[in-house]
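Asker: Got a structure for you, written out below as structure tokens; questions coming shortly.
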Amino acid sequence: MASLAQPEAGGLPISTKDHETQELLSVLEQTYTKPLWNQMARLNPPLPNPKTIPHIWKYDEIRPHLIRAGELITEKQAERRVLMLVNPARDAPFTTDTLYAGLQLVMPNETAPAHRHTAFAMRFIIEGTGGFTAVHGRRIKMQRGDVILTPTWNWHDHGKDGSGPMIWLDGLDLPNFVHFPVHFVEHFAQPRYPAQDIDTSKSPIVFPWATMRATLDAEGKDWVSKPYLKADGSEVSKILGGSAARLAPGKSSPAVQETSSAVIHVIEGCGYSKIGDKVIAWKKGDTFCIPAWFRYQHSADQGEDVYLYAFDDKPMLKSLGFYRVEGVDVESLVSE
């Protein structure tokens with residue numbers, strides 16, 4: 001039995017063995033090693049433990065500040081005039097632990113200069129006409145509700161003709177580069193990369209809203225969700241995926257709990273979502289997030305159909321074998 005040393009002030013007696021353990025820990029610090037047994041629970045939690053929380057960004061609250069930024073900050077000063085949607089539970093400018101979202105603004109006759117980067121981007125067009133993005137030599141007109149991809153390492157710039165602002169929701173995989181420090185950005189020598197107008201209906205990186213809405217409406221169900229996929233049926237990227245959903249008035253979606261996280265934008269309609277223990281009311285233009293492993297369910301108000309856009313990290317999690325849905329056998333998910 002270990003002998004007892006004198007107790008510390010206000011504490012219980014400390015055994016000689018405890019003193020020896022503390023000495024060992026001090027020695028380990030000098031060798032840049034740490035005992036796993038002191039951190040076993042933290043490194044191996046019984047459940048997923050996201051650092052972010054459910055949150056909503058109200059479009060009618062944020063839009064005036066974004067427009068004001070357009071008046072004060074030039075495109076040359078900003079390079080990308082974006083208000084990042086920062087999760088209140090994180091110091092880092094991320095929306096969930098694995099997803100970055102931001103509202104980007106381009107004003108008339110402006111150019112967001114050409115650059116390229118490792119990160120993959122999905123852009124959902126919220127507001128405006130006359131805007132365009134040029135992706136690796138292809139100039140694409142922006143239409144409300146369209147989803148436009150910017151594949152990794154593709155030169156791209158953005159511009160705006162005509163009057164009024166052009167606003168869209170950026171979705172990128174930037175948080176992953178905290179763990180994989182391999183993100184490169186390169187700037188083109190000129191503000192715009194040489195590009196030609198293309199037929200957006202035939203572009204593999206454009207998903208018109210008119211086409212997706214028609215697909216959702218054709219189902220005729222109270223709740224339907226459809227993924228954005230390439231022509232060959234594969235995901236739009238290996239990291240980020242996207243989908244759109246329709247919810248009939250007064251109806252609710254199935255309740256789901258999964259290891260993926262998502263950013264949701266309200267295209268049309270009003271309603272609310274229960275995410276964990278939190279109820280978030282939303283309307284057209286709002287954007288909210290669902291962190292990993294929070295059970296969620298969407299409900300539409302009476303009166304009109306609800307349409308939702310989402311981007312998520314499912315492709316990455318499935319590729320790594322990390323995707324899991326509560327109540328669904330893991331092997332069936334791996335075999336997808």
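As shown in the structure tokens, the chain order sets the letters A, B, ...; within each chain, residues go from 1, and ligands are also counted from 1 in the order they appear.
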Taking the DSSP assignment computed from this structure's backbone, write out as number ranges by chain all residues of stretch 212-304 of chain A that belong to strand (DSSP E or B).

Answerer: A: 223-229, 235, 241-247, 252, 256, 258, 262-268, 271-275, 278-282, 287-290, 296-300

Asker: Please identify all polymer residues within 7 Å of stretch 116-128 of chain A, counting only C-alpha atoms, omitting same-chain residues fewer than 4 positions from it, and present them as a PyMOL selection string.

Answerer: chain A and resi 142-156+164-174+183-187

Asker: For a quick check of understanding, using only C-alpha atoms, which of A:Gln30, A:Ser261, A:Gln104, A:Thr52 has the smallest distance to A:Asp91?

Answerer: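 Looking only at the distances to A:Asp91, the closest residue turns out to be A:Thr52.
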
Asker: Applying 7 Å and only C-alpha atoms, which residues near A:Lys141 remain after dropping the ones on its own chain fewer than 2 positions away? List them as number ranges by chain.

Answerer: A: 131-133, 139, 143

Asker: Need to verify the contact set: A:His265, 10 Å, only C-alpha atoms, exclusion of same-chain residues closer than 6 positions in sequence. Can you return it as number ranges by chain?

Answerer: A: 56-57, 59, 124, 126, 169, 244, 282-289, 307-311
